>>> print(open('coords.cif').read())   # mmCIF, N, CA and C atoms and all ligand atoms
data_entry
loop_
_atom_site.label_atom_id
_atom_site.label_comp_id
_atom_site.auth_asym_id
_atom_site.auth_seq_id
_atom_site.Cartn_x
_atom_site.Cartn_y
_atom_site.Cartn_z
N MET K 304 -100.36 -9.72 -64.35
CA MET K 304 -100.24 -8.93 -63.13
C MET K 304 -101.62 -8.78 -62.50
N ILE K 305 -101.65 -8.86 -61.19
CA ILE K 305 -102.94 -8.92 -60.51
C ILE K 305 -103.46 -7.54 -60.12
N ARG K 306 -102.61 -6.75 -59.50
CA ARG K 306 -103.06 -5.44 -59.02
C ARG K 306 -101.86 -4.59 -58.67
N LEU K 307 -102.14 -3.28 -58.49
CA LEU K 307 -101.12 -2.38 -57.97
C LEU K 307 -100.95 -2.75 -56.50
N GLU K 308 -99.76 -3.22 -56.12
CA GLU K 308 -99.54 -3.66 -54.74
C GLU K 308 -99.12 -2.49 -53.86
N HIS K 309 -98.10 -1.75 -54.33
CA HIS K 309 -97.71 -0.55 -53.58
C HIS K 309 -96.93 0.43 -54.44
N ILE K 310 -96.80 1.62 -53.89
CA ILE K 310 -95.97 2.66 -54.49
C ILE K 310 -94.83 2.91 -53.53
N GLY K 311 -93.59 2.85 -54.03
CA GLY K 311 -92.42 3.04 -53.18
C GLY K 311 -91.91 4.48 -53.27
N ILE K 312 -91.70 5.10 -52.13
CA ILE K 312 -91.25 6.49 -52.09
C ILE K 312 -89.94 6.56 -51.30
N ALA K 313 -88.92 7.13 -51.92
CA ALA K 313 -87.61 7.26 -51.27
C ALA K 313 -87.62 8.50 -50.37
N VAL K 314 -87.21 8.32 -49.14
CA VAL K 314 -87.19 9.45 -48.19
C VAL K 314 -85.83 9.52 -47.49
N LYS K 315 -85.55 10.70 -46.93
CA LYS K 315 -84.28 10.88 -46.21
C LYS K 315 -84.37 10.37 -44.78
N ASP K 316 -85.52 10.63 -44.15
CA ASP K 316 -85.67 10.30 -42.74
C ASP K 316 -87.03 9.65 -42.52
N LEU K 317 -86.99 8.36 -42.24
CA LEU K 317 -88.23 7.58 -42.15
C LEU K 317 -89.16 8.10 -41.06
N GLU K 318 -88.60 8.50 -39.92
CA GLU K 318 -89.45 8.98 -38.83
C GLU K 318 -90.17 10.26 -39.20
N ASP K 319 -89.43 11.20 -39.79
CA ASP K 319 -90.05 12.45 -40.24
C ASP K 319 -91.13 12.17 -41.28
N SER K 320 -90.81 11.29 -42.21
CA SER K 320 -91.76 11.01 -43.29
C SER K 320 -92.96 10.22 -42.79
N ASN K 321 -92.77 9.37 -41.80
CA ASN K 321 -93.92 8.68 -41.21
C ASN K 321 -94.91 9.70 -40.65
N GLU K 322 -94.37 10.70 -39.97
CA GLU K 322 -95.24 11.75 -39.41
C GLU K 322 -95.98 12.49 -40.51
N LEU K 323 -95.22 12.86 -41.56
CA LEU K 323 -95.81 13.60 -42.67
C LEU K 323 -96.91 12.79 -43.36
N PHE K 324 -96.62 11.52 -43.63
CA PHE K 324 -97.59 10.68 -44.33
C PHE K 324 -98.78 10.33 -43.44
N GLU K 325 -98.56 10.25 -42.14
CA GLU K 325 -99.69 10.03 -41.23
C GLU K 325 -100.66 11.20 -41.30
N LYS K 326 -100.08 12.41 -41.35
CA LYS K 326 -100.93 13.61 -41.48
C LYS K 326 -101.64 13.61 -42.83
N MET K 327 -100.87 13.29 -43.88
CA MET K 327 -101.41 13.35 -45.23
C MET K 327 -102.51 12.32 -45.44
N LEU K 328 -102.26 11.09 -45.00
CA LEU K 328 -103.18 9.99 -45.30
C LEU K 328 -104.24 9.81 -44.22
N GLY K 329 -104.04 10.47 -43.09
CA GLY K 329 -105.05 10.40 -42.02
C GLY K 329 -105.08 9.06 -41.32
N ARG K 330 -103.95 8.37 -41.31
CA ARG K 330 -103.87 7.08 -40.61
C ARG K 330 -102.40 6.78 -40.32
N PRO K 331 -102.15 5.98 -39.27
CA PRO K 331 -100.77 5.65 -38.95
C PRO K 331 -100.22 4.55 -39.87
N HIS K 332 -98.89 4.46 -39.96
CA HIS K 332 -98.31 3.33 -40.68
C HIS K 332 -98.55 2.09 -39.83
N TYR K 333 -98.66 0.94 -40.46
CA TYR K 333 -99.01 -0.25 -39.69
C TYR K 333 -97.83 -1.18 -39.46
N LYS K 334 -96.71 -0.89 -40.13
CA LYS K 334 -95.52 -1.65 -39.77
C LYS K 334 -94.26 -1.02 -40.32
N THR K 335 -93.13 -1.34 -39.70
CA THR K 335 -91.84 -0.95 -40.24
C THR K 335 -91.02 -2.23 -40.34
N GLU K 336 -90.08 -2.21 -41.27
CA GLU K 336 -89.29 -3.41 -41.48
C GLU K 336 -87.95 -3.01 -42.07
N GLU K 337 -86.88 -3.66 -41.59
CA GLU K 337 -85.57 -3.40 -42.17
C GLU K 337 -85.23 -4.55 -43.10
N VAL K 338 -84.77 -4.23 -44.32
CA VAL K 338 -84.29 -5.27 -45.24
C VAL K 338 -82.78 -5.09 -45.32
N ALA K 339 -82.07 -5.88 -44.51
CA ALA K 339 -80.62 -5.72 -44.36
C ALA K 339 -79.90 -5.89 -45.69
N SER K 340 -80.33 -6.87 -46.50
CA SER K 340 -79.65 -7.16 -47.77
C SER K 340 -79.73 -5.97 -48.73
N GLU K 341 -80.78 -5.17 -48.62
CA GLU K 341 -80.95 -4.01 -49.51
C GLU K 341 -80.53 -2.70 -48.85
N HIS K 342 -80.12 -2.79 -47.60
CA HIS K 342 -79.73 -1.60 -46.83
C HIS K 342 -80.84 -0.56 -46.79
N VAL K 343 -82.04 -1.00 -46.47
CA VAL K 343 -83.15 -0.06 -46.33
C VAL K 343 -84.01 -0.37 -45.11
N LYS K 344 -84.60 0.71 -44.59
CA LYS K 344 -85.65 0.60 -43.59
C LYS K 344 -86.93 1.04 -44.28
N THR K 345 -88.01 0.31 -44.04
CA THR K 345 -89.25 0.63 -44.74
C THR K 345 -90.39 0.79 -43.74
N SER K 346 -91.41 1.52 -44.16
CA SER K 346 -92.65 1.52 -43.39
C SER K 346 -93.80 1.48 -44.39
N PHE K 347 -94.92 0.96 -43.93
CA PHE K 347 -96.06 0.73 -44.83
C PHE K 347 -97.34 1.38 -44.32
N PHE K 348 -98.06 1.97 -45.25
CA PHE K 348 -99.40 2.51 -45.00
C PHE K 348 -100.36 1.78 -45.92
N LYS K 349 -101.52 1.42 -45.41
CA LYS K 349 -102.50 0.74 -46.25
C LYS K 349 -103.51 1.75 -46.78
N ILE K 350 -103.73 1.70 -48.09
CA ILE K 350 -104.73 2.56 -48.73
C ILE K 350 -105.61 1.65 -49.56
N GLY K 351 -106.75 1.29 -49.03
CA GLY K 351 -107.63 0.36 -49.75
C GLY K 351 -106.90 -0.94 -50.01
N GLU K 352 -106.85 -1.33 -51.29
CA GLU K 352 -106.22 -2.59 -51.68
C GLU K 352 -104.71 -2.44 -51.88
N SER K 353 -104.23 -1.21 -51.80
CA SER K 353 -102.81 -0.96 -52.09
C SER K 353 -102.11 -0.36 -50.87
N LYS K 354 -100.81 -0.16 -51.03
CA LYS K 354 -100.01 0.36 -49.92
C LYS K 354 -99.07 1.46 -50.42
N VAL K 355 -98.65 2.26 -49.47
CA VAL K 355 -97.54 3.18 -49.72
C VAL K 355 -96.37 2.65 -48.92
N GLU K 356 -95.23 2.49 -49.56
CA GLU K 356 -94.01 2.02 -48.89
C GLU K 356 -93.02 3.17 -48.86
N LEU K 357 -92.61 3.58 -47.67
CA LEU K 357 -91.56 4.59 -47.55
C LEU K 357 -90.24 3.87 -47.35
N LEU K 358 -89.19 4.34 -48.01
CA LEU K 358 -87.88 3.68 -47.93
C LEU K 358 -86.79 4.68 -47.54
N GLU K 359 -86.07 4.34 -46.50
CA GLU K 359 -84.91 5.14 -46.10
C GLU K 359 -83.67 4.26 -46.18
N ALA K 360 -82.58 4.82 -46.72
CA ALA K 360 -81.32 4.07 -46.82
C ALA K 360 -80.70 3.90 -45.44
N THR K 361 -80.08 2.75 -45.20
CA THR K 361 -79.35 2.55 -43.95
C THR K 361 -77.85 2.50 -44.18
N ALA K 362 -77.42 2.60 -45.44
CA ALA K 362 -75.99 2.60 -45.77
C ALA K 362 -75.78 3.36 -47.07
N PRO K 363 -74.60 3.98 -47.24
CA PRO K 363 -74.36 4.79 -48.45
C PRO K 363 -74.43 3.99 -49.74
N GLU K 364 -74.17 2.66 -49.67
CA GLU K 364 -74.20 1.87 -50.91
C GLU K 364 -75.63 1.44 -51.30
N SER K 365 -76.60 1.80 -50.49
CA SER K 365 -77.99 1.46 -50.78
C SER K 365 -78.47 2.17 -52.04
N ALA K 366 -79.27 1.48 -52.84
CA ALA K 366 -79.84 2.09 -54.05
C ALA K 366 -80.67 3.32 -53.68
N ILE K 367 -81.29 3.30 -52.52
CA ILE K 367 -82.11 4.43 -52.08
C ILE K 367 -81.22 5.64 -51.75
N ALA K 368 -80.07 5.39 -51.13
CA ALA K 368 -79.13 6.48 -50.83
C ALA K 368 -78.68 7.15 -52.12
N LYS K 369 -78.36 6.33 -53.12
CA LYS K 369 -77.90 6.87 -54.41
C LYS K 369 -79.02 7.66 -55.10
N TYR K 370 -80.21 7.13 -55.02
CA TYR K 370 -81.37 7.79 -55.64
C TYR K 370 -81.60 9.16 -55.02
N VAL K 371 -81.62 9.20 -53.68
CA VAL K 371 -81.90 10.46 -52.96
C VAL K 371 -80.79 11.47 -53.23
N GLU K 372 -79.55 10.98 -53.31
CA GLU K 372 -78.43 11.87 -53.57
C GLU K 372 -78.55 12.50 -54.97
N LYS K 373 -78.93 11.67 -55.94
CA LYS K 373 -79.00 12.13 -57.32
C LYS K 373 -80.24 12.97 -57.62
N ARG K 374 -81.40 12.50 -57.12
CA ARG K 374 -82.65 13.15 -57.52
C ARG K 374 -83.46 13.73 -56.38
N GLY K 375 -83.01 13.50 -55.17
CA GLY K 375 -83.80 13.97 -54.02
C GLY K 375 -84.88 12.98 -53.67
N GLU K 376 -85.66 13.30 -52.67
CA GLU K 376 -86.72 12.39 -52.23
C GLU K 376 -87.80 12.33 -53.31
N GLY K 377 -88.55 11.25 -53.30
CA GLY K 377 -89.68 11.20 -54.24
C GLY K 377 -90.05 9.80 -54.66
N LEU K 378 -90.96 9.76 -55.63
CA LEU K 378 -91.47 8.50 -56.15
C LEU K 378 -90.33 7.64 -56.68
N HIS K 379 -90.18 6.45 -56.16
CA HIS K 379 -89.05 5.59 -56.51
C HIS K 379 -89.44 4.42 -57.40
N HIS K 380 -90.51 3.73 -57.04
CA HIS K 380 -90.96 2.61 -57.88
C HIS K 380 -92.45 2.33 -57.70
N ILE K 381 -92.96 1.57 -58.67
CA ILE K 381 -94.35 1.12 -58.62
C ILE K 381 -94.31 -0.40 -58.62
N ALA K 382 -95.06 -1.02 -57.71
CA ALA K 382 -95.00 -2.47 -57.58
C ALA K 382 -96.33 -3.12 -57.94
N PHE K 383 -96.25 -4.11 -58.82
CA PHE K 383 -97.43 -4.89 -59.17
C PHE K 383 -97.31 -6.28 -58.58
N GLU K 384 -98.40 -6.74 -58.01
CA GLU K 384 -98.42 -8.10 -57.50
C GLU K 384 -98.65 -9.06 -58.65
N VAL K 385 -97.93 -10.18 -58.63
CA VAL K 385 -98.11 -11.21 -59.65
C VAL K 385 -98.38 -12.55 -58.97
N GLU K 386 -99.00 -13.43 -59.74
CA GLU K 386 -99.34 -14.76 -59.23
C GLU K 386 -98.09 -15.63 -59.15
N ASP K 387 -97.30 -15.61 -60.24
CA ASP K 387 -96.12 -16.46 -60.35
C ASP K 387 -94.97 -15.61 -60.88
N ILE K 388 -94.09 -15.22 -59.99
CA ILE K 388 -93.05 -14.24 -60.36
C ILE K 388 -92.08 -14.83 -61.40
N TYR K 389 -91.81 -16.12 -61.33
CA TYR K 389 -90.91 -16.75 -62.30
C TYR K 389 -91.51 -16.68 -63.71
N ALA K 390 -92.79 -17.00 -63.81
CA ALA K 390 -93.47 -16.97 -65.10
C ALA K 390 -93.53 -15.55 -65.65
N GLU K 391 -93.80 -14.60 -64.75
CA GLU K 391 -93.92 -13.20 -65.18
C GLU K 391 -92.57 -12.64 -65.64
N MET K 392 -91.49 -13.04 -64.94
CA MET K 392 -90.15 -12.60 -65.33
C MET K 392 -89.81 -13.15 -66.72
N GLU K 393 -90.15 -14.40 -66.93
CA GLU K 393 -89.90 -15.05 -68.21
C GLU K 393 -90.67 -14.33 -69.33
N ARG K 394 -91.93 -14.04 -69.04
CA ARG K 394 -92.77 -13.36 -70.03
C ARG K 394 -92.19 -11.99 -70.39
N LEU K 395 -91.79 -11.23 -69.37
CA LEU K 395 -91.26 -9.88 -69.63
C LEU K 395 -89.93 -9.95 -70.37
N ARG K 396 -89.09 -10.93 -70.00
CA ARG K 396 -87.81 -11.12 -70.70
C ARG K 396 -88.06 -11.34 -72.19
N LYS K 397 -89.02 -12.22 -72.47
CA LYS K 397 -89.34 -12.54 -73.88
C LYS K 397 -89.88 -11.32 -74.60
N GLU K 398 -90.56 -10.44 -73.87
CA GLU K 398 -91.12 -9.22 -74.47
C GLU K 398 -90.05 -8.14 -74.64
N GLY K 399 -88.82 -8.43 -74.18
CA GLY K 399 -87.72 -7.50 -74.39
C GLY K 399 -87.44 -6.54 -73.24
N PHE K 400 -88.10 -6.75 -72.10
CA PHE K 400 -87.83 -5.88 -70.95
C PHE K 400 -86.53 -6.32 -70.28
N ARG K 401 -85.81 -5.33 -69.73
CA ARG K 401 -84.55 -5.62 -69.06
C ARG K 401 -84.80 -5.77 -67.57
N LEU K 402 -84.52 -6.94 -67.03
CA LEU K 402 -84.73 -7.18 -65.61
C LEU K 402 -83.46 -6.85 -64.85
N LEU K 403 -83.63 -6.30 -63.67
CA LEU K 403 -82.46 -5.90 -62.87
C LEU K 403 -81.90 -7.04 -62.05
N ASN K 404 -82.68 -8.07 -61.81
CA ASN K 404 -82.13 -9.26 -61.18
C ASN K 404 -82.56 -10.52 -61.92
N GLU K 405 -81.63 -11.45 -62.03
CA GLU K 405 -81.86 -12.68 -62.78
C GLU K 405 -82.84 -13.60 -62.06
N GLU K 406 -82.73 -13.60 -60.74
CA GLU K 406 -83.59 -14.45 -59.91
C GLU K 406 -84.39 -13.54 -58.98
N PRO K 407 -85.59 -13.95 -58.59
CA PRO K 407 -86.32 -13.14 -57.61
C PRO K 407 -85.54 -13.08 -56.30
N LYS K 408 -85.63 -11.98 -55.59
CA LYS K 408 -84.98 -11.93 -54.29
C LYS K 408 -86.00 -11.58 -53.21
N ARG K 409 -85.58 -11.78 -51.96
CA ARG K 409 -86.49 -11.50 -50.86
C ARG K 409 -86.53 -10.01 -50.57
N GLY K 410 -87.73 -9.44 -50.66
CA GLY K 410 -87.89 -8.03 -50.33
C GLY K 410 -88.60 -7.87 -49.01
N ALA K 411 -89.08 -6.68 -48.74
CA ALA K 411 -89.84 -6.41 -47.52
C ALA K 411 -91.21 -7.06 -47.63
N ASP K 412 -91.90 -7.17 -46.51
CA ASP K 412 -93.31 -7.53 -46.50
C ASP K 412 -93.57 -8.96 -47.00
N ASN K 413 -92.62 -9.87 -46.69
CA ASN K 413 -92.78 -11.27 -47.06
C ASN K 413 -93.03 -11.49 -48.55
N LYS K 414 -92.19 -10.84 -49.38
CA LYS K 414 -92.40 -10.92 -50.82
C LYS K 414 -91.13 -11.36 -51.54
N LEU K 415 -91.35 -12.09 -52.63
CA LEU K 415 -90.28 -12.30 -53.62
C LEU K 415 -90.42 -11.15 -54.60
N VAL K 416 -89.29 -10.51 -54.93
CA VAL K 416 -89.38 -9.34 -55.80
C VAL K 416 -88.39 -9.41 -56.95
N CYS K 417 -88.72 -8.69 -58.01
CA CYS K 417 -87.82 -8.53 -59.14
C CYS K 417 -88.08 -7.14 -59.71
N PHE K 418 -87.02 -6.45 -60.11
CA PHE K 418 -87.18 -5.11 -60.66
C PHE K 418 -86.93 -5.09 -62.16
N VAL K 419 -87.69 -4.24 -62.84
CA VAL K 419 -87.53 -4.05 -64.28
C VAL K 419 -86.84 -2.71 -64.48
N HIS K 420 -85.81 -2.68 -65.31
CA HIS K 420 -85.02 -1.47 -65.50
C HIS K 420 -85.88 -0.34 -66.06
N PRO K 421 -85.78 0.85 -65.46
CA PRO K 421 -86.60 1.98 -65.95
C PRO K 421 -86.33 2.33 -67.41
N LYS K 422 -85.12 2.03 -67.89
CA LYS K 422 -84.81 2.35 -69.30
C LYS K 422 -85.66 1.54 -70.26
N SER K 423 -86.14 0.38 -69.81
CA SER K 423 -87.00 -0.40 -70.71
C SER K 423 -88.47 -0.24 -70.35
N ALA K 424 -88.79 0.69 -69.44
CA ALA K 424 -90.19 0.84 -69.00
C ALA K 424 -90.59 2.31 -68.89
N ASN K 425 -90.25 3.07 -69.93
CA ASN K 425 -90.65 4.49 -69.97
C ASN K 425 -90.23 5.28 -68.73
N GLY K 426 -89.08 4.93 -68.19
CA GLY K 426 -88.56 5.70 -67.07
C GLY K 426 -89.11 5.31 -65.71
N VAL K 427 -89.95 4.27 -65.69
CA VAL K 427 -90.52 3.84 -64.41
C VAL K 427 -89.79 2.60 -63.90
N LEU K 428 -89.32 2.68 -62.65
CA LEU K 428 -88.75 1.48 -62.04
C LEU K 428 -89.93 0.64 -61.56
N LEU K 429 -90.03 -0.54 -62.15
CA LEU K 429 -91.16 -1.42 -61.90
C LEU K 429 -90.72 -2.57 -61.00
N GLU K 430 -91.51 -2.86 -60.00
CA GLU K 430 -91.23 -4.01 -59.14
C GLU K 430 -92.34 -5.03 -59.34
N LEU K 431 -91.93 -6.28 -59.54
CA LEU K 431 -92.90 -7.37 -59.52
C LEU K 431 -92.80 -7.98 -58.14
N CYS K 432 -93.90 -8.30 -57.53
CA CYS K 432 -93.80 -8.95 -56.23
C CYS K 432 -94.83 -10.05 -56.09
N GLN K 433 -94.40 -11.06 -55.37
CA GLN K 433 -95.27 -12.21 -55.14
C GLN K 433 -95.15 -12.60 -53.68
N GLU K 434 -96.26 -12.79 -53.06
CA GLU K 434 -96.29 -13.20 -51.65
C GLU K 434 -95.52 -14.53 -51.50
N ILE K 435 -94.66 -14.62 -50.49
CA ILE K 435 -93.96 -15.89 -50.23
C ILE K 435 -94.91 -16.80 -49.47
N LYS K 436 -95.16 -17.94 -50.08
CA LYS K 436 -96.05 -18.91 -49.43
C LYS K 436 -95.21 -19.83 -48.55
N PRO K 437 -95.80 -20.43 -47.54
CA PRO K 437 -95.02 -21.32 -46.67
C PRO K 437 -94.32 -22.40 -47.49
N GLY K 438 -93.04 -22.65 -47.20
CA GLY K 438 -92.29 -23.67 -47.91
C GLY K 438 -91.52 -23.16 -49.12
N GLN K 439 -91.69 -21.88 -49.46
CA GLN K 439 -91.04 -21.33 -50.65
C GLN K 439 -89.68 -20.74 -50.34
ZN ZN K 501 -91.40 -1.93 -53.15
#
>>> encode(input="coords.cif", output="structure tokens", more="lines below")
Ligand code: ZN
Amino acid sequence: MIRLEHIGIAVKDLEDSNELFEKMLGRPHYKTEEVASEHVKTSFFKIGESKVELLEATAPESAIAKYVEKRGEGLHHIAFEVEDIYAEMERLRKEGFRLLNEEPKRGADNKLVCFVHPKSANGVLLELCQEIKPGQ
């Protein structure tokens, strides 16, 4: 794993939270993006080499909707950037970690992503992400 890429925070209302985080972090978010396949709207703030990703559900079946309903708003996942997501998934599988998806999928921010089940990671939902290079 290369670095902490971002921290994902589940929110109820992206616009309200954008305002709150702009006040908190002292800078505006630099982009918003909808990931239709995951039923989420996201926005990103840059903090040095890392980012904060805010996530709002766009449909009741969204994992974010379920999370907010069960636990309320808050820290949802931690994402590490990797060089080769396929190799890293294989390595973690061999180490006994439970992956939530068999194949990497397209996430926000031009990334291939894979999630590691919190039950196999001390309660932390872990995201692996790799920048999608042209042709991938
Ligand atoms: Zn994320």
>>> closest_atom_pairs(input="coords.cif", of="chain K", to="ligand ZN 501 (chain K)", cutoff="6.5 Å", atoms="all atoms listed in the file", output="tab-separated table")
residue	atom	partner	partner_atom	distance
K:His309	C	K:ZN501	ZN	6.1
K:Ile310	C	K:ZN501	ZN	5.9
K:Gly311	CA	K:ZN501	ZN	5.1
K:Glu356	CA	K:ZN501	ZN	6.4
K:His380	C	K:ZN501	ZN	6.3
K:Ile381	C	K:ZN501	ZN	6.4
K:Ala382	CA	K:ZN501	ZN	5.7
K:Glu430	CA	K:ZN501	ZN	6.3
>>> closest_residue(input="coords.cif", among="K:Gln433, K:Ser346, K:Thr335, K:Ser353", to="Glu384 of chain K", atoms="all atoms listed in the file")
K:Gln433
>>> select_by_dssp(input="coords.cif", residues="segment 347-387 of chain K", states="helix (DSSP H, G or I)", output="PyMOL selection string")
chain K and resi 366-374
>>> residues_near_point(input="coords.cif", point="(-85.3, 8.2, -52.4)", cutoff="8 Å", atoms="all atoms listed in the file", output="PDB file with N, CA and C atoms, in the frame of the given file")
ATOM      1  N   GLY K 311     -93.590   2.850 -54.030  1.00  0.00           N
ATOM      2  CA  GLY K 311     -92.420   3.040 -53.180  1.00  0.00           C
ATOM      3  C   GLY K 311     -91.910   4.480 -53.270  1.00  0.00           C
ATOM      4  N   ILE K 312     -91.700   5.100 -52.130  1.00  0.00           N
ATOM      5  CA  ILE K 312     -91.250   6.490 -52.090  1.00  0.00           C
ATOM      6  C   ILE K 312     -89.940   6.560 -51.300  1.00  0.00           C
ATOM      7  N   ALA K 313     -88.920   7.130 -51.920  1.00  0.00           N
ATOM      8  CA  ALA K 313     -87.610   7.260 -51.270  1.00  0.00           C
ATOM      9  C   ALA K 313     -87.620   8.500 -50.370  1.00  0.00           C
ATOM     10  N   VAL K 314     -87.210   8.320 -49.140  1.00  0.00           N
ATOM     11  CA  VAL K 314     -87.190   9.450 -48.190  1.00  0.00           C
ATOM     12  C   VAL K 314     -85.830   9.520 -47.490  1.00  0.00           C
ATOM     13  N   LYS K 315     -85.550  10.700 -46.930  1.00  0.00           N
ATOM     14  CA  LYS K 315     -84.280  10.880 -46.210  1.00  0.00           C
ATOM     15  C   LYS K 315     -84.370  10.370 -44.780  1.00  0.00           C
ATOM     16  N   LEU K 358     -89.190   4.340 -48.010  1.00  0.00           N
ATOM     17  CA  LEU K 358     -87.880   3.680 -47.930  1.00  0.00           C
ATOM     18  C   LEU K 358     -86.790   4.680 -47.540  1.00  0.00           C
ATOM     19  N   GLU K 359     -86.070   4.340 -46.500  1.00  0.00           N
ATOM     20  CA  GLU K 359     -84.910   5.140 -46.100  1.00  0.00           C
ATOM     21  C   GLU K 359     -83.670   4.260 -46.180  1.00  0.00           C
ATOM     22  N   ALA K 360     -82.580   4.820 -46.720  1.00  0.00           N
ATOM     23  CA  ALA K 360     -81.320   4.070 -46.820  1.00  0.00           C
ATOM     24  C   ALA K 360     -80.700   3.900 -45.440  1.00  0.00           C
ATOM     25  N   ALA K 366     -79.270   1.480 -52.840  1.00  0.00           N
ATOM     26  CA  ALA K 366     -79.840   2.090 -54.050  1.00  0.00           C
ATOM     27  C   ALA K 366     -80.670   3.320 -53.680  1.00  0.00           C
ATOM     28  N   ILE K 367     -81.290   3.300 -52.520  1.00  0.00           N
ATOM     29  CA  ILE K 367     -82.110   4.430 -52.080  1.00  0.00           C
ATOM     30  C   ILE K 367     -81.220   5.640 -51.750  1.00  0.00           C
ATOM     31  N   ALA K 368     -80.070   5.390 -51.130  1.00  0.00           N
ATOM     32  CA  ALA K 368     -79.130   6.480 -50.830  1.00  0.00           C
ATOM     33  C   ALA K 368     -78.680   7.150 -52.120  1.00  0.00           C
ATOM     34  N   LYS K 369     -78.360   6.330 -53.120  1.00  0.00           N
ATOM     35  CA  LYS K 369     -77.900   6.870 -54.410  1.00  0.00           C
ATOM     36  C   LYS K 369     -79.020   7.660 -55.100  1.00  0.00           C
ATOM     37  N   TYR K 370     -80.210   7.130 -55.020  1.00  0.00           N
ATOM     38  CA  TYR K 370     -81.370   7.790 -55.640  1.00  0.00           C
ATOM     39  C   TYR K 370     -81.600   9.160 -55.020  1.00  0.00           C
ATOM     40  N   VAL K 371     -81.620   9.200 -53.680  1.00  0.00           N
ATOM     41  CA  VAL K 371     -81.900  10.460 -52.960  1.00  0.00           C
ATOM     42  C   VAL K 371     -80.790  11.470 -53.230  1.00  0.00           C
ATOM     43  N   GLU K 372     -79.550  10.980 -53.310  1.00  0.00           N
ATOM     44  CA  GLU K 372     -78.430  11.870 -53.570  1.00  0.00           C
ATOM     45  C   GLU K 372     -78.550  12.500 -54.970  1.00  0.00           C
ATOM     46  N   ARG K 374     -81.400  12.500 -57.120  1.00  0.00           N
ATOM     47  CA  ARG K 374     -82.650  13.150 -57.520  1.00  0.00           C
ATOM     48  C   ARG K 374     -83.460  13.730 -56.380  1.00  0.00           C
ATOM     49  N   GLY K 375     -83.010  13.500 -55.170  1.00  0.00           N
ATOM     50  CA  GLY K 375     -83.800  13.970 -54.020  1.00  0.00           C
ATOM     51  C   GLY K 375     -84.880  12.980 -53.670  1.00  0.00           C
ATOM     52  N   GLU K 376     -85.660  13.300 -52.670  1.00  0.00           N
ATOM     53  CA  GLU K 376     -86.720  12.390 -52.230  1.00  0.00           C
ATOM     54  C   GLU K 376     -87.800  12.330 -53.310  1.00  0.00           C
ATOM     55  N   GLY K 377     -88.550  11.250 -53.300  1.00  0.00           N
ATOM     56  CA  GLY K 377     -89.680  11.200 -54.240  1.00  0.00           C
ATOM     57  C   GLY K 377     -90.050   9.800 -54.660  1.00  0.00           C
ATOM     58  N   LEU K 378     -90.960   9.760 -55.630  1.00  0.00           N
ATOM     59  CA  LEU K 378     -91.470   8.500 -56.150  1.00  0.00           C
ATOM     60  C   LEU K 378     -90.330   7.640 -56.680  1.00  0.00           C
ATOM     61  N   HIS K 379     -90.180   6.450 -56.160  1.00  0.00           N
ATOM     62  CA  HIS K 379     -89.050   5.590 -56.510  1.00  0.00           C
ATOM     63  C   HIS K 379     -89.440   4.420 -57.400  1.00  0.00           C
TER      64      HIS K 379
END
>>> atom_distance(input="coords.cif", atom1="atom C of Cys432 of chain K", atom2="atom N of Asn404 of chain K")
13.6 Å
>>> residues_near_point(input="coords.cif", point="(-76.0, -1.5, -52.1)", cutoff="8 Å", atoms="all atoms listed in the file", output="ChimeraX atom specification")
/K:340-342,362-367
>>> write_last_selection(input="coords.cif", atoms="N, CA and C atoms", output="compact mmCIF listing (two decimals), in the frame of the given file")
# COMPACT_ATOMS: atom_id res chain seq x y z
N SER K 340 -80.33 -6.87 -46.50
CA SER K 340 -79.65 -7.16 -47.77
C SER K 340 -79.73 -5.97 -48.73
N GLU K 341 -80.78 -5.17 -48.62
CA GLU K 341 -80.95 -4.01 -49.51
C GLU K 341 -80.53 -2.70 -48.85
N HIS K 342 -80.12 -2.79 -47.60
CA HIS K 342 -79.73 -1.60 -46.83
C HIS K 342 -80.84 -0.56 -46.79
N ALA K 362 -77.42 2.60 -45.44
CA ALA K 362 -75.99 2.60 -45.77
C ALA K 362 -75.78 3.36 -47.07
N PRO K 363 -74.60 3.98 -47.24
CA PRO K 363 -74.36 4.79 -48.45
C PRO K 363 -74.43 3.99 -49.74
N GLU K 364 -74.17 2.66 -49.67
CA GLU K 364 -74.20 1.87 -50.91
C GLU K 364 -75.63 1.44 -51.30
N SER K 365 -76.60 1.80 -50.49
CA SER K 365 -77.99 1.46 -50.78
C SER K 365 -78.47 2.17 -52.04
N ALA K 366 -79.27 1.48 -52.84
CA ALA K 366 -79.84 2.09 -54.05
C ALA K 366 -80.67 3.32 -53.68
N ILE K 367 -81.29 3.30 -52.52
CA ILE K 367 -82.11 4.43 -52.08
C ILE K 367 -81.22 5.64 -51.75
>>> atom_distance(input="coords.cif", atom1="atom N of Arg330 of chain K", atom2="atom N of Glu434 of chain K")
25.4 Å
>>> residues_around(input="coords.cif", residues="Cys417 of chain K", least_positions_apart="2", cutoff="9 Å", atoms="only C-alpha atoms", output="VMD selection string")
chain K and resid 388 392 402 to 410 415 419 429 to 432
